[in-house]
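The structure appears below as structure tokens.
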Amino acid sequence: MRHLRLISDNPNIDFFKPMRFWLAISALGVLLTLVLVPLRGLNYGVDFLGGTLILAEFSEHRDIGEYREALDSLGLGEVAVTEASGGSGGQVVLMRIGNSADSASTQAEVVPKVQGKLNATFPGAKYLQVDNVGGKVSGELVYTGVLAVALALLAIMAYVWLRFEWQFALGAVISLLHDVIVTIGVFSLLQLQFDLTIVAALLTIIGFSINDTVVVFDRVRENLRKYKKMPLKEVMNLALNETLSRTFMTVFTVLIALASLLFFGGPVVFGFAFATIFGVVIGTYSSIWVASAIVLWLGVKRDWATKGESKAGTQFGAGKA
Amino acid sequence: MANYPLWKRLLVIGICVIGTIIMLPNVFYGRVETANDAREAVARGAELTPELERDMALWPGWLPSRLINLGLDLRGGAHVLVQVQTQEVHAEQLEGLWPDLRDKLRDLREQVGSVRRLDAGPEELRIRIGSAAGMDAALKAAQEVAKPVFSITGTGAREFEARVEGDQLVVTLTDAQKTALDQRTMQQSLEIIRRRVDEAGTREPSIQRQGTDRILVQVPGVGSAEELLEIIGKTARLSFHGVVNRSTDPNVRPGLDEEVLPSMDEEGVFYVVDKRAVVTGEQLVDSQPSFDQNGRPAVTFRFNPSGGAAFGQYTSENIGNPFAIVLDNQVISAPVIQSHIAGGSGIITGSFTPDESARLAILLRAGALPAEIVVLEQRTVGPELGADSVRSGGMAALVAFVGVMAFMIAVYGFFGIIASFGMVMNIVLLVALMTVLGATLTMPGIAGLVLSIGMAVDANVLIFERIREELKTARGLARAIDLGFEKASSPILDGNLTTLIAAGILYAMGGGPVRGFGITLALGLFCSMFTAITLSRLIIATWYDWKRPKTVVI
């Protein structure tokens, strides 16, 4: 009986040959994001922007412009209307109204005003979801979102530093930052809605990517003890090859799960599933070509097990090996 | 591999069996919920109808019947985050101090000269003292008025602080007093909101304090956040005042100790009333919706003895005068007192709808909020969207499950079956754990669950790949399996701990649904460690001891 194999049993790929190329691509991706996000902006959801979101089902199908007109006549904030999928036969419409005034009390009055107008103009509306977030709360949500990602990165850096060496910690955190930044870049490029669930997705990506990175690092550490004379580059290459089969397996199972979430999970988790799928792919890539490449570039002191054998350790740089 | 002691085997099997039993009610969610509701109704003293009996029979009583909490986004309901305007209470306290201080200063007129209160912010009381020589005496008087706060620590901190700024005496609240007031205001607000929501008879509401001055109210099954706000949003401060004058001029000047209040129903009508209330809502003991003689909706009320006495005395002395019933600084109505009203009960009429009178009765019964509240965030999820989410989440989980299982079996054969069984147990234990801990399952939580289906096999993959490698060095199958589990444990531990960091931060920082995702992810990690390492090792060891295979295709 022969089982399915995603890759050959004894892969022998030289991962570091195209290292400069991939590092350049990654740097480019990060740079493009840093330019793109200020220019194009992110399509923030009500969570971060504040304002009102109404998802309603109407018994009759109408032109979207009619809804927009009705809402515009109220003179509230900026109005965006799109048709959404789902519902039971009727027309499902997603309406977003921006925050016009910062005052919290006037914000809360927007919802009854809008619903009153909609009920009067289009009788028989069924409200599936109504969100109203005041400017104060949305500002805090942005702040806690950024803080959460920053804290996660710091905590992981501390942990990896403790369990490995500072070079590994630095490599891991730079690769995680890279994952987060590039994912945000894709959200800006495609103008997908960026809300609280996407922050959850970013933290999930961080969790997955670090898991992947740590598995590789763990094997590097084991091989460094096993092959004391082997150059660092070869040790790392061996570790990457040895863990490659596992890497593919895990990515595959996670992608199966996420793909089913993307296709069957409905509109609420679509953005989350999309972000996580992208992040898992980019996270796996960065474990090899960003995290490991940085460790190789920084070099590692090889005196874990044999303290005192060679006092200064042996430094290996990328250029030497 | 016979090194598995019996107690360890029994423990692992026991955990799995108990987990399955606890998880079981969730499989029949609708049935169990109906049965639970029926039992609760009976326990509350409802009559045992055949209908209730039939509902109870849906789920046997001796089985566990606890269900996982579904979040608002899955069952539909309303979520409202409000901020209590605690500084209002500060201003009130200072306002309450003023009459005492004014009297004290008036007694010292010869020393301090003329005394005049200046307009100042809500956080301070500013008084201009006529003669500079009397400033010391004025300051002393102000300090005498300030009483110490009683606190558990026993430090007799003062309520007020008085200081001199030029020719002005400035009185402010001390920080200790502000903290104590805020604490009390929040506790009262929480209690009153809880009473109001309970009175309205909604199911399983959650009312939590958030941060220093916020309250989060989540009520499943409520049609909309506005409905919820109708109940919790009103301050509902009721008071009865003597009427001095009725006017249509909004700029009418009230006399000393009088104020102008608008009418609730009559547009453009204002009442000048005594600032001091005859009786307040705090002295109410009961309030019910009712109808007046003409069949219009009304609200009845009853005072406690002291309120009743004050009310009786006032009405007997003021027959023929109008009397204002004031709710949240608006005059509901101002009927003329026809006769002495003894017994301390009465009726409020106005242009109410039956719904409004029922709501007002709830508000009056539950008591007034100590301060106004401002809505920061409101969210409503319709029950249809919730049901849709449950359906699509379930579908996604099922597809993920079958897909990952098929893939694992295709790659690892027999070992893949073991991993798949571990994965099933992982989900079972995760749901059981969430049920026991009372964690809430949200839509992002389901996403976390689906994700953990994919991640759960990672530990198995690490172990199996390692066994594969160890087999190459050909030291025998038993040794390879042992080494596989042993050597894979280091990366499994590191990987899971780092993911746990991310999950912990999601839990700590995220609100509502995102927090639900963090919980699911973190608990999923613990469960997967157990099923992927402990459980699958036990199964493989048992299988090995039983079959004694020379080699295995993995």
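A note on labels: chains of the structure tokens are A, B, ... as shown, every chain counts residues from 1, and ligands are counted from 1 in their shown order.
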Quiz item: Within 7 Å of chain A, which residues of chain B show up when using only C-alpha atoms, listed as a ChimeraX atom specification?
Solution: /B:374-382,384-385,389,392-393,395-396,399-400,403-404,410-413,444,450-451,453-455,458,461-462,465,491,494-496,498-499,501-502,505-506,509,514
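Relative to CA of Ser287 in chain A, CA of Gly484 in chain B is found at 23.1 Å.
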Practice problem: Could you please write out, as a PyMOL selection string, every residue of range 271-514 of chain B that DSSP assigns to helix (DSSP H, G or I)? | Solution: chain B and resi 281-283+305-317+354-366+383-412+414-437+443-472+477-509+513-514
Self-check item: In range 153-352 of chain B, DSSP strand (DSSP E or B) residues written as a VMD selection string
Solution: chain B and resid 158 160 to 165 168 to 173 206 to 210 214 to 220 238 to 247 258 to 263 270 to 274 279 to 280 284 to 291 297 to 303 322 to 327 330 to 333 336 345 to 349
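Closest approach to Arg75 in chain B among B:Gly516, B:Pro60, B:Pro549, B:Pro220: B:Pro220, based on only C-alpha atoms.
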